[in-house]
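Coordinates from start16.txt are shown below (compact mmCIF, C-alpha atoms and all ligand atoms).
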```
# COMPACT_ATOMS: atom_id res chain seq x y z
CA MET A 1 -4.76 -17.87 -52.23
CA THR A 2 -4.97 -14.34 -50.88
CA ASP A 3 -1.87 -12.23 -51.56
CA ARG A 4 -0.76 -11.34 -48.02
CA LEU A 5 0.54 -7.78 -48.08
CA TYR A 6 1.66 -7.88 -44.44
CA TYR A 7 4.26 -10.51 -45.41
CA HIS A 8 6.34 -7.73 -46.97
CA ASP A 9 5.28 -4.64 -45.03
CA SER A 10 3.90 -4.78 -41.49
CA PHE A 11 3.35 -1.01 -41.51
CA LEU A 12 0.96 -1.05 -44.46
CA TYR A 13 -2.31 0.02 -42.85
CA ASP A 14 -4.15 1.12 -46.01
CA PHE A 15 -4.49 -0.91 -49.23
CA GLU A 16 -6.55 -1.46 -52.34
CA ALA A 17 -7.89 -4.81 -53.46
CA GLU A 18 -10.61 -6.54 -55.46
CA VAL A 19 -13.48 -8.61 -54.15
CA ALA A 20 -12.94 -12.34 -54.77
CA GLU A 21 -16.06 -13.63 -53.01
CA ILE A 22 -18.76 -12.50 -50.64
CA ARG A 23 -20.50 -14.74 -48.16
CA THR A 24 -24.00 -13.85 -47.10
CA ASP A 25 -24.75 -16.88 -44.91
CA ALA A 26 -25.08 -16.85 -41.10
CA ARG A 27 -21.81 -14.92 -40.72
CA PRO A 28 -21.27 -12.36 -43.47
CA ALA A 29 -17.71 -12.35 -44.79
CA LEU A 30 -15.58 -10.96 -47.57
CA ILE A 31 -12.63 -12.52 -49.36
CA LEU A 32 -10.26 -10.28 -51.35
CA ASN A 33 -7.54 -11.02 -53.90
CA ARG A 34 -5.01 -9.28 -51.61
CA SER A 35 -5.11 -8.13 -47.99
CA ALA A 36 -3.04 -6.39 -45.32
CA PHE A 37 -5.35 -7.77 -42.57
CA TYR A 38 -3.58 -10.29 -40.36
CA PRO A 39 -5.59 -13.47 -39.60
CA THR A 40 -5.14 -15.18 -36.22
CA SER A 41 -2.25 -17.62 -36.40
CA GLY A 42 0.98 -18.53 -34.68
CA GLY A 43 -0.24 -17.12 -31.38
CA GLN A 44 -0.81 -13.62 -32.77
CA ILE A 45 -4.40 -12.36 -32.88
CA PHE A 46 -6.24 -10.86 -35.87
CA ASP A 47 -6.46 -7.27 -37.03
CA THR A 48 -9.67 -5.30 -37.12
CA GLY A 49 -10.55 -2.35 -39.36
CA THR A 50 -12.80 -1.36 -42.24
CA ILE A 51 -13.30 -2.15 -45.91
CA GLU A 52 -14.75 0.64 -48.06
CA ALA A 53 -16.78 -0.47 -51.06
CA GLY A 54 -18.20 2.53 -52.92
CA ALA A 55 -20.25 4.55 -50.46
CA GLU A 56 -20.43 1.69 -48.01
CA THR A 57 -18.01 1.17 -45.11
CA LEU A 58 -17.90 -2.41 -43.80
CA ARG A 59 -16.54 -3.07 -40.33
CA VAL A 60 -14.16 -6.06 -40.09
CA THR A 61 -14.63 -7.80 -36.71
CA GLU A 62 -12.48 -10.92 -37.13
CA VAL A 63 -9.98 -12.24 -39.67
CA VAL A 64 -9.37 -15.94 -40.15
CA ASP A 65 -6.86 -18.01 -42.09
CA ALA A 66 -8.93 -20.52 -44.11
CA GLU A 67 -7.56 -23.96 -44.94
CA ASP A 68 -7.44 -23.16 -48.66
CA GLY A 69 -4.91 -20.36 -48.03
CA ARG A 70 -7.43 -17.53 -48.30
CA VAL A 71 -7.91 -14.78 -45.72
CA VAL A 72 -11.54 -14.47 -44.61
CA HIS A 73 -12.70 -11.05 -43.33
CA TYR A 74 -15.78 -11.44 -41.11
CA LEU A 75 -18.05 -8.40 -41.15
CA GLU A 76 -20.17 -6.77 -38.50
CA ALA A 77 -23.20 -6.45 -40.82
CA PRO A 78 -24.38 -8.24 -43.98
CA VAL A 79 -23.18 -6.85 -47.32
CA LYS A 80 -25.47 -5.96 -50.16
CA ASP A 81 -24.52 -7.14 -53.59
CA LEU A 82 -20.77 -6.79 -54.21
CA PRO A 83 -19.79 -8.60 -57.45
CA PRO A 84 -16.34 -10.24 -57.73
CA GLY A 85 -13.85 -7.78 -59.18
CA THR A 86 -15.34 -4.75 -57.35
CA ARG A 87 -12.53 -2.48 -56.18
CA VAL A 88 -12.41 -1.84 -52.43
CA ARG A 89 -10.13 -0.07 -49.98
CA GLY A 90 -9.06 -1.70 -46.74
CA GLN A 91 -7.91 0.11 -43.63
CA ILE A 92 -6.68 -1.74 -40.60
CA ASP A 93 -6.81 -0.37 -37.04
CA ALA A 94 -3.24 0.92 -36.79
CA ALA A 95 -3.10 1.22 -32.98
CA ARG A 96 -4.18 -2.39 -32.55
CA ARG A 97 -1.70 -3.61 -35.20
CA ARG A 98 1.15 -1.61 -33.61
CA ASP A 99 0.32 -3.12 -30.22
CA HIS A 100 0.32 -6.63 -31.68
CA MET A 101 3.65 -6.00 -33.43
CA GLN A 102 5.18 -4.79 -30.18
CA GLN A 103 3.96 -7.86 -28.24
CA HIS A 104 4.81 -10.35 -30.98
CA SER A 105 8.25 -8.93 -31.83
CA GLY A 106 8.91 -8.61 -28.09
CA GLN A 107 8.22 -12.33 -27.81
CA HIS A 108 10.88 -13.12 -30.46
CA VAL A 109 13.44 -11.08 -28.51
CA LEU A 110 12.47 -12.54 -25.13
CA SER A 111 12.43 -16.16 -26.34
CA ALA A 112 15.84 -15.66 -27.98
CA ALA A 113 17.21 -14.12 -24.77
CA PHE A 114 16.20 -17.21 -22.76
CA VAL A 115 17.92 -19.46 -25.32
CA ARG A 116 21.08 -17.34 -25.51
CA LEU A 117 21.56 -17.00 -21.76
CA HIS A 118 20.08 -20.16 -20.28
CA ASN A 119 19.38 -22.53 -23.20
CA LEU A 120 15.67 -22.47 -22.30
CA HIS A 121 13.37 -22.98 -25.29
CA THR A 122 9.92 -21.51 -25.84
CA VAL A 123 7.31 -24.17 -26.61
CA SER A 124 4.26 -21.93 -26.96
CA PHE A 125 3.20 -18.32 -27.21
CA HIS A 126 -0.17 -16.86 -26.26
CA MET A 127 -1.45 -13.34 -26.89
CA ALA A 128 -4.45 -12.04 -24.97
CA ASP A 129 -6.04 -8.58 -24.99
CA ASP A 130 -4.14 -7.41 -21.91
CA TYR A 131 -1.03 -9.57 -21.61
CA CYS A 132 1.01 -12.23 -23.43
CA SER A 133 2.76 -15.34 -22.24
CA ILE A 134 5.38 -17.83 -23.31
CA ASP A 135 5.84 -21.35 -21.97
CA LEU A 136 9.43 -22.43 -21.41
CA ASP A 137 10.40 -26.08 -21.61
CA THR A 138 12.19 -26.43 -18.28
CA PRO A 139 11.59 -28.12 -14.91
CA THR A 140 13.15 -25.19 -13.02
CA LEU A 141 13.34 -21.43 -13.46
CA THR A 142 15.23 -19.11 -11.12
CA LYS A 143 14.69 -15.44 -10.35
CA ASP A 144 18.17 -14.74 -11.70
CA GLN A 145 17.30 -16.39 -15.04
CA ILE A 146 14.18 -14.24 -15.29
CA ASP A 147 16.00 -11.01 -14.37
CA THR A 148 18.91 -11.56 -16.75
CA ALA A 149 16.67 -12.55 -19.69
CA GLU A 150 14.52 -9.45 -19.14
CA ARG A 151 17.64 -7.28 -19.01
CA LEU A 152 19.14 -8.74 -22.20
CA ALA A 153 15.81 -8.44 -24.06
CA ASN A 154 15.63 -4.74 -23.15
CA GLU A 155 19.24 -4.19 -24.19
CA ILE A 156 18.50 -5.68 -27.62
CA ILE A 157 15.49 -3.34 -27.86
CA LEU A 158 17.61 -0.31 -26.87
CA GLU A 159 20.27 -1.19 -29.44
CA ASN A 160 17.55 -0.69 -32.08
CA ARG A 161 18.71 -3.60 -34.22
CA PRO A 162 17.23 -4.04 -37.71
CA VAL A 163 14.54 -6.72 -38.09
CA ASP A 164 14.60 -8.10 -41.64
CA ILE A 165 12.28 -10.42 -43.49
CA ARG A 166 13.77 -13.01 -45.86
CA PHE A 167 12.27 -15.84 -47.85
CA VAL A 168 14.34 -19.01 -48.16
CA ASN A 169 13.65 -22.60 -49.19
CA ARG A 170 13.60 -25.46 -46.68
CA GLU A 171 17.10 -26.63 -47.47
CA GLU A 172 18.61 -23.20 -46.95
CA ALA A 173 16.56 -22.76 -43.75
CA GLY A 174 18.03 -25.97 -42.36
CA LYS A 175 21.54 -24.49 -42.65
CA LEU A 176 20.68 -21.18 -41.01
CA GLY A 177 20.42 -22.51 -37.46
CA LEU A 178 16.90 -21.23 -36.80
CA ARG A 179 15.71 -20.92 -33.20
CA LYS A 180 12.35 -22.31 -34.26
CA LEU A 181 11.68 -24.55 -37.28
CA PRO A 182 7.99 -24.47 -38.27
CA ALA A 183 5.92 -27.64 -38.58
CA THR A 184 4.72 -26.65 -42.07
CA ASP A 185 5.68 -28.54 -45.23
CA ARG A 186 5.78 -25.35 -47.30
CA ASP A 187 8.78 -24.96 -49.62
CA GLN A 188 9.26 -21.28 -48.97
CA LEU A 189 9.90 -20.17 -45.40
CA ARG A 190 9.62 -16.63 -44.14
CA ILE A 191 12.57 -15.86 -41.88
CA ILE A 192 12.52 -13.06 -39.31
CA ASP A 193 16.08 -11.90 -38.77
CA ILE A 194 16.83 -9.79 -35.70
CA HIS A 195 20.31 -8.61 -36.60
CA GLU A 196 22.95 -10.92 -35.10
CA PHE A 197 20.57 -12.03 -32.35
CA ASP A 198 17.73 -14.25 -33.58
CA LEU A 199 16.58 -16.12 -36.68
CA SER A 200 13.20 -17.76 -36.71
CA ALA A 201 10.61 -18.78 -39.26
CA CYS A 202 7.37 -16.89 -38.66
CA GLY A 203 4.37 -15.61 -40.62
CA GLY A 204 3.41 -12.86 -38.15
CA THR A 205 3.77 -9.09 -38.23
CA HIS A 206 6.93 -7.58 -36.76
CA VAL A 207 8.57 -4.21 -36.22
CA ASN A 208 11.34 -2.99 -38.58
CA GLN A 209 13.75 -2.08 -35.79
CA THR A 210 13.83 -3.52 -32.27
CA GLY A 211 13.53 0.02 -30.82
CA GLN A 212 9.91 0.06 -32.01
CA ILE A 213 9.12 -2.62 -29.41
CA GLY A 214 9.73 0.10 -26.80
CA CYS A 215 10.42 -2.11 -23.81
CA ILE A 216 9.51 -5.44 -22.30
CA LEU A 217 8.32 -6.13 -18.78
CA LEU A 218 8.09 -9.62 -17.29
CA ARG A 219 5.20 -10.20 -14.91
CA LYS A 220 3.70 -13.33 -13.38
CA VAL A 221 5.73 -16.55 -13.50
CA GLU A 222 3.98 -19.85 -12.80
CA ARG A 223 4.56 -23.58 -13.07
CA VAL A 224 2.51 -25.23 -15.81
CA ARG A 225 2.29 -28.82 -16.97
CA GLN A 226 4.93 -28.54 -19.66
CA GLY A 227 7.33 -26.21 -17.82
CA TRP A 228 7.13 -22.58 -16.75
CA ARG A 229 4.78 -19.87 -18.02
CA ILE A 230 5.98 -16.28 -18.10
CA GLU A 231 3.55 -13.44 -18.60
CA PHE A 232 4.93 -10.30 -20.19
CA VAL A 233 3.88 -7.00 -21.70
CA ALA A 234 5.74 -4.92 -24.28
CA GLY A 235 5.65 -1.35 -25.59
CA GLN A 236 2.65 0.81 -24.67
CA ARG A 237 1.10 -2.14 -22.82
CA ALA A 238 4.15 -2.23 -20.55
CA VAL A 239 3.78 1.49 -19.83
CA ALA A 240 0.02 1.17 -19.19
CA THR A 241 0.61 -1.84 -16.92
CA ALA A 242 3.35 -0.09 -14.96
CA ARG A 243 1.06 2.93 -14.58
CA ARG A 244 -1.79 0.73 -13.26
CA ASP A 245 0.59 -1.06 -10.87
CA PHE A 246 1.83 2.28 -9.55
CA THR A 247 -1.70 3.59 -9.02
CA THR A 248 -2.70 0.42 -7.15
CA LEU A 249 0.41 0.59 -5.00
CA THR A 250 -0.06 4.30 -4.31
CA ASP A 251 -3.69 3.76 -3.23
CA THR A 252 -2.58 0.93 -0.93
CA ALA A 253 0.28 2.98 0.50
CA GLY A 254 -2.23 5.77 1.17
CA LEU A 255 -4.23 3.43 3.42
CA PHE A 256 -1.12 2.95 5.54
CA SER A 257 0.16 6.55 5.17
CA ALA A 258 3.39 4.92 4.04
CA HIS A 259 5.82 5.05 1.13
CA ILE A 260 4.97 2.53 -1.61
CA TYR A 261 8.12 0.50 -0.95
CA ASP A 262 7.09 0.09 2.70
CA VAL A 263 3.70 -1.41 1.80
CA PRO A 264 4.68 -5.11 2.29
CA GLN A 265 6.19 -4.35 5.70
CA GLN A 266 3.14 -2.28 6.73
CA ALA A 267 0.73 -4.94 5.48
CA ARG A 268 2.58 -7.65 7.42
CA LYS A 269 2.48 -5.50 10.55
CA SER A 270 -1.28 -4.94 10.17
CA LEU A 271 -1.94 -8.65 9.63
CA ASP A 272 0.08 -9.49 12.75
CA GLU A 273 -2.00 -6.98 14.70
CA VAL A 274 -5.23 -8.46 13.35
CA ARG A 275 -4.12 -11.96 14.40
CA THR A 276 -3.22 -10.77 17.91
CA LEU A 277 -6.49 -8.86 18.30
CA ARG A 278 -8.48 -11.85 17.04
CA LYS A 279 -6.84 -14.06 19.70
CA GLN A 280 -7.49 -11.47 22.41
CA ARG A 281 -11.10 -11.15 21.32
CA GLU A 282 -11.62 -14.91 21.40
CA GLN A 283 -10.20 -15.05 24.90
CA ALA A 284 -12.37 -12.16 26.07
CA GLN A 285 -15.48 -13.77 24.55
CA GLU A 286 -14.62 -17.00 26.28
CA GLU A 287 -14.27 -15.29 29.67
CA LEU A 288 -17.44 -13.25 29.11
CA ALA A 289 -19.42 -16.38 28.22
CA VAL A 290 -18.26 -18.13 31.41
CA ALA A 291 -19.27 -15.12 33.54
CA GLN A 292 -22.64 -14.74 31.78
CA ALA A 293 -23.35 -18.45 32.09
CA ALA A 294 -22.62 -18.35 35.82
CA ALA A 295 -24.89 -15.30 36.29
CA LEU A 296 -27.74 -16.82 34.25
CA LEU A 297 -27.52 -20.09 36.12
CA ALA A 298 -27.50 -18.32 39.48
CA GLU A 299 -30.79 -16.60 38.69
CA THR A 300 -32.49 -19.75 37.30
CA PRO A 301 -34.33 -21.76 39.97
CA GLU A 302 -34.37 -25.55 39.83
CA SER A 303 -37.65 -27.18 38.91
CA ASN A 304 -38.21 -30.97 38.89
CA GLY A 305 -34.47 -31.41 39.35
CA ARG A 306 -33.57 -29.37 36.22
CA ARG A 307 -32.70 -25.77 35.43
CA LEU A 308 -34.18 -24.38 32.24
CA VAL A 309 -32.46 -21.26 30.84
CA ILE A 310 -34.50 -19.40 28.21
CA ARG A 311 -33.22 -16.14 26.73
CA THR A 312 -33.68 -14.06 23.57
CA PHE A 313 -30.89 -11.62 22.72
CA SER A 314 -30.45 -8.94 20.11
CA GLU A 315 -27.09 -8.50 18.33
CA ARG A 316 -25.60 -11.94 18.92
CA ASP A 317 -24.30 -14.23 16.23
CA MET A 318 -24.68 -17.98 16.16
CA ASN A 319 -21.14 -18.66 17.43
CA SER A 320 -21.69 -16.46 20.45
CA LEU A 321 -25.01 -18.22 21.24
CA LYS A 322 -23.33 -21.63 20.93
CA LEU A 323 -20.46 -20.60 23.15
CA LEU A 324 -22.86 -19.43 25.86
CA ALA A 325 -24.91 -22.65 25.57
CA GLN A 326 -21.75 -24.77 25.92
CA LYS A 327 -20.63 -22.88 29.01
CA LEU A 328 -24.11 -23.19 30.60
CA THR A 329 -24.42 -26.94 30.03
CA ARG A 330 -20.90 -27.57 31.36
CA LEU A 331 -21.33 -25.56 34.56
CA ALA A 332 -23.84 -28.09 35.93
CA ASN A 333 -25.21 -31.49 34.90
CA ASN A 334 -28.92 -30.59 35.02
CA VAL A 335 -29.15 -27.65 32.61
CA LEU A 336 -31.47 -27.23 29.59
CA VAL A 337 -30.86 -24.22 27.35
CA LEU A 338 -33.08 -22.49 24.80
CA LEU A 339 -31.35 -19.42 23.33
CA ALA A 340 -32.34 -17.16 20.45
CA SER A 341 -31.03 -14.03 18.81
CA THR A 342 -33.06 -11.62 16.68
CA SER A 343 -30.07 -10.10 14.82
CA PRO A 344 -27.76 -9.85 12.92
CA GLN A 345 -29.22 -13.14 11.62
CA PRO A 346 -32.21 -14.59 13.53
CA SER A 347 -30.78 -17.76 15.15
CA VAL A 348 -31.68 -20.43 17.68
CA VAL A 349 -29.50 -22.72 19.82
CA PHE A 350 -30.80 -25.58 22.02
CA ALA A 351 -28.57 -27.54 24.40
CA GLN A 352 -28.62 -29.83 27.42
CA SER A 353 -26.03 -31.05 29.93
CA ALA A 354 -24.55 -34.44 29.09
CA GLY A 355 -26.75 -37.25 30.44
CA GLN A 356 -30.05 -35.35 30.16
CA PRO A 357 -32.74 -37.36 28.35
CA PHE A 358 -34.01 -35.02 25.63
CA ASP A 359 -33.08 -34.90 21.93
CA MET A 360 -32.15 -31.31 21.07
CA GLY A 361 -31.48 -32.19 17.40
CA ALA A 362 -35.05 -33.50 17.01
CA LEU A 363 -36.50 -30.54 18.93
CA MET A 364 -34.58 -28.15 16.62
CA LYS A 365 -36.00 -29.89 13.54
CA GLN A 366 -39.57 -29.44 14.88
CA THR A 367 -38.88 -25.77 15.69
CA MET A 368 -37.36 -25.10 12.28
CA ALA A 369 -40.42 -26.64 10.61
CA ILE A 370 -42.60 -24.08 12.44
CA LEU A 371 -40.29 -21.14 11.67
CA ASN A 372 -39.42 -22.09 8.07
CA GLY A 373 -35.76 -22.26 9.00
CA ARG A 374 -32.88 -24.67 8.50
CA GLY A 375 -31.00 -26.42 11.25
CA GLY A 376 -30.17 -29.52 13.22
CA GLY A 377 -27.52 -30.98 15.45
CA SER A 378 -26.79 -33.71 17.97
CA LYS A 379 -28.73 -34.97 20.96
CA ASP A 380 -27.01 -32.46 23.30
CA ILE A 381 -26.63 -29.33 21.13
CA ALA A 382 -28.38 -28.07 17.99
CA GLN A 383 -28.55 -24.84 16.02
CA GLY A 384 -30.84 -23.26 13.46
CA GLY A 385 -31.16 -20.16 11.34
CA VAL A 386 -34.51 -18.62 10.48
CA PRO A 387 -35.51 -16.05 7.84
CA THR A 388 -37.17 -13.62 10.27
CA ALA A 389 -37.32 -12.98 14.00
CA ASP A 390 -41.16 -13.03 13.92
CA GLY A 391 -42.49 -16.03 15.80
CA LEU A 392 -39.22 -16.71 17.64
CA GLN A 393 -40.83 -16.18 21.03
CA SER A 394 -43.82 -18.45 20.44
CA ALA A 395 -41.48 -21.12 19.01
CA LEU A 396 -39.38 -20.96 22.19
CA ASP A 397 -42.58 -21.25 24.24
CA ALA A 398 -43.58 -24.37 22.30
CA ALA A 399 -40.12 -25.90 22.83
CA THR A 400 -40.35 -25.09 26.56
CA LYS A 401 -43.61 -27.03 26.75
CA THR A 402 -41.97 -30.08 25.15
CA LEU A 403 -39.17 -29.98 27.73
CA SER A 404 -41.57 -29.47 30.67
CA VAL A 405 -43.59 -32.65 29.99
ZN ZN A 501 6.95 -13.69 -35.39
```
Just give me the structure of the file as structure tokens.
Amino acid sequence: MTDRLYYHDSFLYDFEAEVAEIRTDARPALILNRSAFYPTSGGQIFDTGTIEAGAETLRVTEVVDAEDGRVVHYLEAPVKDLPPGTRVRGQIDAARRRDHMQQHSGQHVLSAAFVRLHNLHTVSFHMADDYCSIDLDTPTLTKDQIDTAERLANEIILENRPVDIRFVNREEAGKLGLRKLPATDRDQLRIIDIHEFDLSACGGTHVNQTGQIGCILLRKVERVRQGWRIEFVAGQRAVATARRDFTTLTDTAGLFSAHIYDVPQQARKSLDEVRTLRKQREQAQEELAVAQAAALLAETPESNGRRLVIRTFSERDMNSLKLLAQKLTRLANNVLVLLASTSPQPSVVFAQSAGQPFDMGALMKQTMAILNGRGGGSKDIAQGGVPTADGLQSALDAATKTLSV
């Protein structure tokens, strides 16, 4: 078993130890007789840092709790020979450890606050690189419950209560009224005691005084399978997150030339305007298509009892072509339409008035085969998109011939 120095002192960033074993297989690793490095467990993630062995400095990239009770330090690069008993010096990344202590201790305070105020119990804790979350075992969670728990957690932090570590046996632990009893069958339990606020059994690293957590900020709240998930950030992460939020909000407010607190109102107003304008535009397009269809039809002479409208436009999208084709074929019962647009996306629309004998879907398939495009449709209207506008004109000519037979 590795002697875990962090059990007794979470602020020990520098320690001396002896090599117990080196592993030189696929993933080089080092096992020491004692270590201050925290291995991932209980929702808290591992420490990183360095191990100095003589003139060599080994970078520790991950730390794992092995089943045999030993702490395995995975290394960035393979180690040369390092016999058991060699004295080494370990240094953990203090900023990362401090951040983890703030998040993890913050979680103890927050979970206890939900129990104290609302009898809501935490069923799991997750720590990621940018935020943490707890899952509460409850079918409902109100805004007031969230606000009051956040407030109490921050009050406990401000009161700077001592956080003590105690070791007790199982029997004693049972009498203490712990918030969380661990699933382990170990005889000795490590109790984290936040003075007159929370008692829980935990093997993680914690602050000495709640003031070292700094502050706690609740963020996203969402329904999950087993209850409600609450994202939160503590300490420097909370400050960095609040700073990022403020920058985002300020940039957004700048777009509206508004105060940040007026952003939702301004955004709603803009969206309403967009909706109104979109409706107006649709109506204008509709009216324009009717007028254009009437003009086109007026200048198209009848031949063999039908009127064939052929046009190539620039700057028309597929929807606009389709709209025009629909208007044309509804204005009279003897209309055939072959429309194309060269940009923004080269497109083709074929249509006929209801009751006309051709198959525009089949004609579109033939045309697409010539132009290397994709498209299809029904007997009366069909559409296609092609990779380039080259050849559009000759393809329309070929389709015209088919319809003139
Ligand atoms: Zn803990």
Which one of A:Ser270, A:Gln366, A:Thr148, A:Asn333 sits closest to Phe256 (chain A) if you count all atoms listed in the file?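 Under the stated criterion, the closest residue is A:Ser270.
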Within 8 Å of ligand ZN 501 (chain A): each chain A residue with its shortest pair, all atoms listed in the file, as JSON lines:
```
{"residue": "A:Gly42", "atom": "CA", "partner": "A:ZN501", "partner_atom": "ZN", "distance": 7.7}
{"residue": "A:His104", "atom": "CA", "partner": "A:ZN501", "partner_atom": "ZN", "distance": 5.9}
{"residue": "A:Ser105", "atom": "CA", "partner": "A:ZN501", "partner_atom": "ZN", "distance": 6.1}
{"residue": "A:Gln107", "atom": "CA", "partner": "A:ZN501", "partner_atom": "ZN", "distance": 7.8}
{"residue": "A:His108", "atom": "CA", "partner": "A:ZN501", "partner_atom": "ZN", "distance": 6.3}
{"residue": "A:Ile192", "atom": "CA", "partner": "A:ZN501", "partner_atom": "ZN", "distance": 6.8}
{"residue": "A:Ser200", "atom": "CA", "partner": "A:ZN501", "partner_atom": "ZN", "distance": 7.6}
{"residue": "A:Ala201", "atom": "CA", "partner": "A:ZN501", "partner_atom": "ZN", "distance": 7.4}
{"residue": "A:Cys202", "atom": "CA", "partner": "A:ZN501", "partner_atom": "ZN", "distance": 4.6}
{"residue": "A:Gly203", "atom": "CA", "partner": "A:ZN501", "partner_atom": "ZN", "distance": 6.1}
{"residue": "A:Gly204", "atom": "CA", "partner": "A:ZN501", "partner_atom": "ZN", "distance": 4.6}
{"residue": "A:Thr205", "atom": "CA", "partner": "A:ZN501", "partner_atom": "ZN", "distance": 6.3}
{"residue": "A:His206", "atom": "CA", "partner": "A:ZN501", "partner_atom": "ZN", "distance": 6.3}
```
Tell me which protein, DNA and RNA residues are within 12 Å of Phe114 (chain A), counting all atoms listed in the file, leaving out same-chain ones fewer than 2 positions away, and put them as a count of residues only. 35
One decimal, in Å: what's the spacing between CA of Gln209 (chain A) and CA of Asp193 (chain A)?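 These two atoms are separated by 10.5 Å.
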Between A:Leu58, A:Val79, A:Ile381, A:Leu277, which one has atoms that come closest to Glu21 (chain A), using all atoms listed in the file? A:Val79
Between A:Lys143, A:Arg219, A:Lys379, A:His195, single out the one closest to Glu231 (chain A), counting all atoms listed in the file. A:Arg219
Could you check how far CA of Leu217 (chain A) sits from CA of Gly235 (chain A), in Å to one decimal?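 It comes out at 8.7 Å.
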So how far away is CA of Leu392 (chain A) from CA of Val309 (chain A), in Å?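 Here the two named atoms are 15.5 Å from each other.
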What lies within 7 Å of region 85-94 of chain A using only C-alpha atoms, ignoring chain neighbours under 5 positions off, as a VMD selection string? chain A and resid 13 to 20 37 47 to 53
If we count all atoms listed in the file and set the cut-off at 12 Å, which residues sit around Glu315 (chain A), ignoring sequence neighbours fewer than 2 positions away in its own chain? Please answer as a PyMOL selection string. chain A and resi 312-313+317-321+340-347+389
Identify, on the basis of all atoms listed in the file, every residue whose closest approach to Gly106 (chain A) does not exceed 10 Å; exclude the query and any residue fewer than 5 positions from it along the same chain; express the result as an MDAnalysis selection string. chainID A and resid 100:101 111:112 132 153:154 157 206:207 210 212:217 232:235
Kindly extract all protein, DNA and RNA residues lying within 7 Å of the coordinates (-6.2, -11.0, -45.4) given in the file, considering only C-alpha atoms, and supply them as a list in words. Thr2, Arg4, Arg34, Ser35, Ala36, Phe37, Tyr38, Pro39, Val63, Val71, Val72 and His73 of chain A
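Here the question is which of A:Leu82, A:Ala238, A:Val115, A:Ile45 gets nearest to Met127 (chain A) using all atoms listed in the file, and that residue is A:Ile45.
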Incomplete region 94-98 of chain A brought to all heavy atoms, written out as a compact mmCIF listing (two decimals), in the coordinates of the input:
```
# COMPACT_ATOMS: atom_id res chain seq x y z
N ALA A 94 -4.70 0.82 -36.92
CA ALA A 94 -3.24 0.92 -36.79
C ALA A 94 -2.78 0.74 -35.34
O ALA A 94 -1.77 0.09 -35.08
CB ALA A 94 -2.75 2.25 -37.34
N ALA A 95 -3.53 1.31 -34.39
CA ALA A 95 -3.10 1.22 -32.98
C ALA A 95 -3.08 -0.23 -32.52
O ALA A 95 -2.15 -0.68 -31.85
CB ALA A 95 -4.02 2.05 -32.10
N ARG A 96 -4.11 -0.98 -32.93
CA ARG A 96 -4.18 -2.39 -32.55
C ARG A 96 -3.04 -3.18 -33.20
O ARG A 96 -2.38 -3.99 -32.56
CB ARG A 96 -5.55 -2.96 -32.97
CG ARG A 96 -5.76 -4.42 -32.64
CD ARG A 96 -7.17 -4.83 -33.03
NE ARG A 96 -7.31 -6.28 -33.15
CZ ARG A 96 -7.84 -7.04 -32.21
NH1 ARG A 96 -8.28 -6.53 -31.09
NH2 ARG A 96 -7.95 -8.35 -32.39
N ARG A 97 -2.79 -2.91 -34.50
CA ARG A 97 -1.70 -3.61 -35.20
C ARG A 97 -0.35 -3.30 -34.53
O ARG A 97 0.47 -4.17 -34.31
CB ARG A 97 -1.69 -3.22 -36.66
CG ARG A 97 -0.37 -3.50 -37.39
CD ARG A 97 -0.03 -4.99 -37.47
NE ARG A 97 -0.90 -5.66 -38.40
CZ ARG A 97 -0.71 -5.66 -39.72
NH1 ARG A 97 0.34 -5.05 -40.25
NH2 ARG A 97 -1.55 -6.29 -40.50
N ARG A 98 -0.13 -2.00 -34.23
CA ARG A 98 1.15 -1.61 -33.61
C ARG A 98 1.35 -2.34 -32.28
O ARG A 98 2.42 -2.85 -31.98
CB ARG A 98 1.21 -0.10 -33.38
CG ARG A 98 1.91 0.66 -34.50
CD ARG A 98 2.33 2.04 -34.04
NE ARG A 98 1.17 2.85 -33.67
CZ ARG A 98 0.52 3.65 -34.53
NH1 ARG A 98 0.91 3.74 -35.78
NH2 ARG A 98 -0.51 4.35 -34.12
```
